[in-house]
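*Asks:* Before anything else, here's the structure in question.
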Amino acid sequence: NSIDAAAKRILIRFVLIDGLIRQLIVVDNGRGMTSDEIDAAMQLGHQKSRPTSALGHFGMGLKAASFSQASRLTVLSRARAQTAVGRRMNRESDADGFVVEELESKQVELTLDSKWTDFATDTGTIVRWDDIRTFPKSKDRAVTDAFAEATVTKLRQHIGLTFHRLLEAREVRIDIDVLDAEQGEAGIPFDVEPINPFGYIRTGVPGYPKTLVASTKSSRIPLTCHIWPAKSDSHQYKLAGMPVESTQGFYFYRNQRLLSAGGWAGVNHQTKRRRLAR
């Protein structure tokens with residue numbers, strides 16, 4: 001959603017309160033939303049016309065992702081020359097269905113103007129999760145620290161792979177940090193680096209990469225075939241710690257976003273002989 005809103009900077013922040021990770025916040029400096037746009041964004045499965053370049057498609061991602069993890073979703077936004085707007089939804093409610101609470105504009109504006117990022121949010125959006133059910137509840141700080149470290153690592157790997165083309169082109173910068181609310185300061189942000197599954201220096205076989213063309217009645221689909229060099233220790237070959245055999249196969253992209261990494265989609269089967277093929 002941030003990338004579709006033309007954000008150049010995105011911050012993902014875990015917030016520690018009383019030794020526990022109690023909030024997850026995503027901040028961007030995209031174009032922001034008007035009152036009508038934020039109302040539409042908070043609807044479940046809202047149908048709207050989307051440009052063919054958009055990464056989003058069904059209008060369910062924000063709500064589905066949020067309520068699979070957290071009990072409360074808050075969205076604050078400001079478009080150029082527009083009043084700041086905010087909405088809040090609770091997963092559990094006494095009312096029938098999901099009730100959307102409208103937040104006071106001045107308070108939303110103060111939050112957007114807070115200097116807790118190193119980029120301006122004159123326009124942009126903040127998404128915040130509260131009452132997160134999937135984070136550890138242990139009071140042991142060592143458990144919280146280990147979870148935060150492991151989760152930040154997984155997130156950097158996942159985002160670095162999924163959006164590697166946009167990150168390599170410097171169309172967007174994504175940072176992740178952890179804020180201790182009691183101390184009022186965040187740790188050093190981790191920059192998400194691109195993980196290119198085709199980022200080898202020298203091809204594994206002369207003549208590759210090569211292009212094959214699949215033809216249908218209405219179109220021709222080019223398939224770019226790569227073979228990695230053998231015995232590679234590159235993190236771009238050993239993708240996010242996944243078994244090497246599982247990363248052979250097809251890589252499907254839509255608008256520079258990697259949708260699927262590896263697997264033969266029933267066309268072929270995994271074998272060690274093809275482990276370098278992508």
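All residue names refer to the structure tokens as shown: chains lettered A, B, ... in order, residues numbered from 1 in each chain, ligands numbered from 1 in order.
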Need to verify the contact set: segment 218-232 of chain A, 12 Å, only C-alpha atoms, exclusion of same-chain residues closer than 5 positions in sequence. Can you return it as number ranges by chain?
*Replies:* A: 197-213, 237-239, 244, 247-253, 272-278
*Asks:* Find the spatial neighbours of Phe190 of chain A, counting only C-alpha atoms, within a cut-off of 7 Å - ignore same-chain residues fewer than 3 positions away - and output them as a VMD selection string.
*Replies:* chain A and resid 175 to 177
*Asks:* For the residues selected in the previous step, produce a file with N, CA and C atoms as a PDB file, in the first residue's frame.
*Replies:*
ATOM      1  N   ASP A 175      13.234   0.950   6.165  1.00  0.00           N
ATOM      2  CA  ASP A 175      14.008   0.745   7.392  1.00  0.00           C
ATOM      3  C   ASP A 175      13.146   0.057   8.437  1.00  0.00           C
ATOM      4  N   ILE A 176      13.805  -0.655   9.336  1.00  0.00           N
ATOM      5  CA  ILE A 176      13.128  -1.318  10.455  1.00  0.00           C
ATOM      6  C   ILE A 176      13.870  -0.942  11.728  1.00  0.00           C
ATOM      7  N   ASP A 177      13.129  -0.558  12.779  1.00  0.00           N
ATOM      8  CA  ASP A 177      13.796  -0.298  14.055  1.00  0.00           C
ATOM      9  C   ASP A 177      12.920  -0.741  15.211  1.00  0.00           C
TER      10      ASP A 177
END
*Asks:* Calculated over only C-alpha atoms, which of the candidates A:Gly19, A:Gly241, A:Pro194, A:Gly32 has the smallest distance to Lys139 of chain A?
*Replies:*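 Nearest candidate to Lys139 of chain A out of A:Gly19, A:Gly241, A:Pro194, A:Gly32: A:Gly19.
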*Asks:* Contacts of Arg22 of chain A at 10 Å or less, counting only C-alpha atoms, minus same-chain residues fewer than 2 places along, as an mmCIF file with N, CA, C and O atoms, in the first residue's frame?
*Replies:*
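Once everything was written out, this is result28.cif:
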data_model
loop_
_atom_site.group_PDB
_atom_site.id
_atom_site.type_symbol
_atom_site.label_atom_id
_atom_site.label_comp_id
_atom_site.auth_asym_id
_atom_site.auth_seq_id
_atom_site.Cartn_x
_atom_site.Cartn_y
_atom_site.Cartn_z
ATOM 1 N N PHE A 14 8.845 -1.590 15.701
ATOM 2 C CA PHE A 14 8.337 -2.366 16.830
ATOM 3 C C PHE A 14 8.477 -1.489 18.078
ATOM 4 O O PHE A 14 9.546 -0.909 18.306
ATOM 5 N N VAL A 15 7.425 -1.408 18.880
ATOM 6 C CA VAL A 15 7.434 -0.532 20.053
ATOM 7 C C VAL A 15 7.378 -1.368 21.326
ATOM 8 O O VAL A 15 6.450 -2.163 21.527
ATOM 9 N N LEU A 16 8.399 -1.178 22.169
ATOM 10 C CA LEU A 16 8.476 -1.849 23.469
ATOM 11 C C LEU A 16 7.801 -0.988 24.527
ATOM 12 O O LEU A 16 8.137 0.192 24.687
ATOM 13 N N ILE A 17 6.861 -1.570 25.257
ATOM 14 C CA ILE A 17 6.197 -0.901 26.374
ATOM 15 C C ILE A 17 6.210 -1.858 27.554
ATOM 16 O O ILE A 17 5.721 -2.988 27.450
ATOM 17 N N ASP A 18 6.817 -1.428 28.656
ATOM 18 C CA ASP A 18 6.941 -2.288 29.850
ATOM 19 C C ASP A 18 7.621 -3.611 29.515
ATOM 20 O O ASP A 18 7.226 -4.672 30.015
ATOM 21 N N GLY A 19 8.616 -3.561 28.635
ATOM 22 C CA GLY A 19 9.411 -4.749 28.333
ATOM 23 C C GLY A 19 8.799 -5.697 27.326
ATOM 24 O O GLY A 19 9.402 -6.719 26.997
ATOM 25 N N LEU A 20 7.603 -5.384 26.822
ATOM 26 C CA LEU A 20 6.944 -6.235 25.836
ATOM 27 C C LEU A 20 6.739 -5.460 24.538
ATOM 28 O O LEU A 20 6.555 -4.236 24.555
ATOM 29 N N LEU A 24 3.060 -2.374 16.638
ATOM 30 C CA LEU A 24 3.805 -2.397 15.382
ATOM 31 C C LEU A 24 3.290 -1.228 14.553
ATOM 32 O O LEU A 24 2.078 -1.059 14.397
ATOM 33 N N ALA A 70 -3.442 -8.599 15.144
ATOM 34 C CA ALA A 70 -3.722 -7.632 16.204
ATOM 35 C C ALA A 70 -5.226 -7.466 16.410
ATOM 36 O O ALA A 70 -6.026 -7.783 15.535
ATOM 37 N N TRP A 129 -0.687 -1.193 14.775
ATOM 38 C CA TRP A 129 -1.348 -2.338 15.408
ATOM 39 C C TRP A 129 -1.176 -2.263 16.912
ATOM 40 O O TRP A 129 -0.070 -2.028 17.403
ATOM 41 N N ASP A 130 -2.270 -2.493 17.646
ATOM 42 C CA ASP A 130 -2.229 -2.606 19.112
ATOM 43 C C ASP A 130 -2.852 -3.937 19.523
ATOM 44 O O ASP A 130 -3.588 -4.555 18.754
ATOM 45 N N ASP A 131 -2.540 -4.344 20.761
ATOM 46 C CA ASP A 131 -3.057 -5.618 21.291
ATOM 47 C C ASP A 131 -2.725 -6.762 20.345
ATOM 48 O O ASP A 131 -3.597 -7.498 19.872
ATOM 49 N N ILE A 132 -1.430 -6.901 20.075
ATOM 50 C CA ILE A 132 -0.968 -7.903 19.117
ATOM 51 C C ILE A 132 -0.948 -9.280 19.778
ATOM 52 O O ILE A 132 -0.279 -9.484 20.785
ATOM 53 N N ARG A 133 -1.675 -10.211 19.190
ATOM 54 C CA ARG A 133 -1.865 -11.510 19.824
ATOM 55 C C ARG A 133 -0.722 -12.480 19.546
ATOM 56 O O ARG A 133 -0.548 -13.458 20.265
ATOM 57 N N PHE A 135 2.612 -11.835 19.410
ATOM 58 C CA PHE A 135 3.906 -11.504 19.987
ATOM 59 C C PHE A 135 4.007 -12.124 21.375
ATOM 60 O O PHE A 135 2.991 -12.314 22.054
ATOM 61 N N PRO A 136 5.216 -12.461 21.843
ATOM 62 C CA PRO A 136 5.356 -13.126 23.138
ATOM 63 C C PRO A 136 4.878 -12.262 24.296
ATOM 64 O O PRO A 136 5.034 -11.039 24.287
ATOM 65 N N LYS A 137 4.297 -12.920 25.305
ATOM 66 C CA LYS A 137 3.768 -12.231 26.483
ATOM 67 C C LYS A 137 4.674 -12.391 27.698
ATOM 68 O O LYS A 137 4.364 -11.904 28.785
#
*Asks:* Counting only C-alpha atoms, what is within 9 Å of segment 153-162 of chain A, bar same-chain residues fewer than 3 positions away, as a list in words?
*Replies:*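 The filter keeps Ala148, Glu149, Ala150, Arg165, Leu167, Ile174, Asp175, Ile176, Phe190, Asp191, Val192, Glu193, Pro194, Ile195, Asn196, Pro197, Gln236, Leu239, Ala240, Gly241, Gln256, Arg257, Leu258, Leu259, Ser260 and Ala261 of chain A.
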*Asks:* Considering only C-alpha atoms, state which residue in the set A:Arg88, A:Lys63, A:Arg78, A:Arg173 is at the smallest distance from Gly124 of chain A.
*Replies:* A:Arg78
*Asks:* Between A:Asn29, A:Gln270, A:Asn255, A:Gln23, single out the one closest to Phe119 of chain A, counting only C-alpha atoms.
*Replies:*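 Closest to Phe119 of chain A, using only C-alpha atoms: A:Asn29.
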*Asks:* Enumerate the residues of segment 105-235 of chain A with a DSSP assignment of alpha helix (DSSP H), computed from the backbone, and present them as a PyMOL selection string.
*Replies:* chain A and resi 105-113+141-162+164-168
*Asks:* List every residue of segment 100-251 of chain A that DSSP, applied to the backbone of this structure, assigns to strand (DSSP E), and report them as a PyMOL selection string.
*Replies:* chain A and resi 100-102+124-132+173-180+185-186+190-191+210-215+220-225+251
*Asks:* Extract, using only C-alpha atoms, all DNA, RNA and protein residues at most 9 Å from segment 42-44 of chain A, discarding same-chain residues fewer than 6 positions from it, and format them as a list in words.
*Replies:*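 That gives Gly59, Met60, Leu62, Lys63, Ala64, Val75, Arg87, Arg88, Met89, Phe98 and Val100 of chain A.
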*Asks:* Just how far from atom CA of Ala186 of chain A is atom CA of Ala7 of chain A, in Å to one decimal?
*Replies:* 21.8 Å
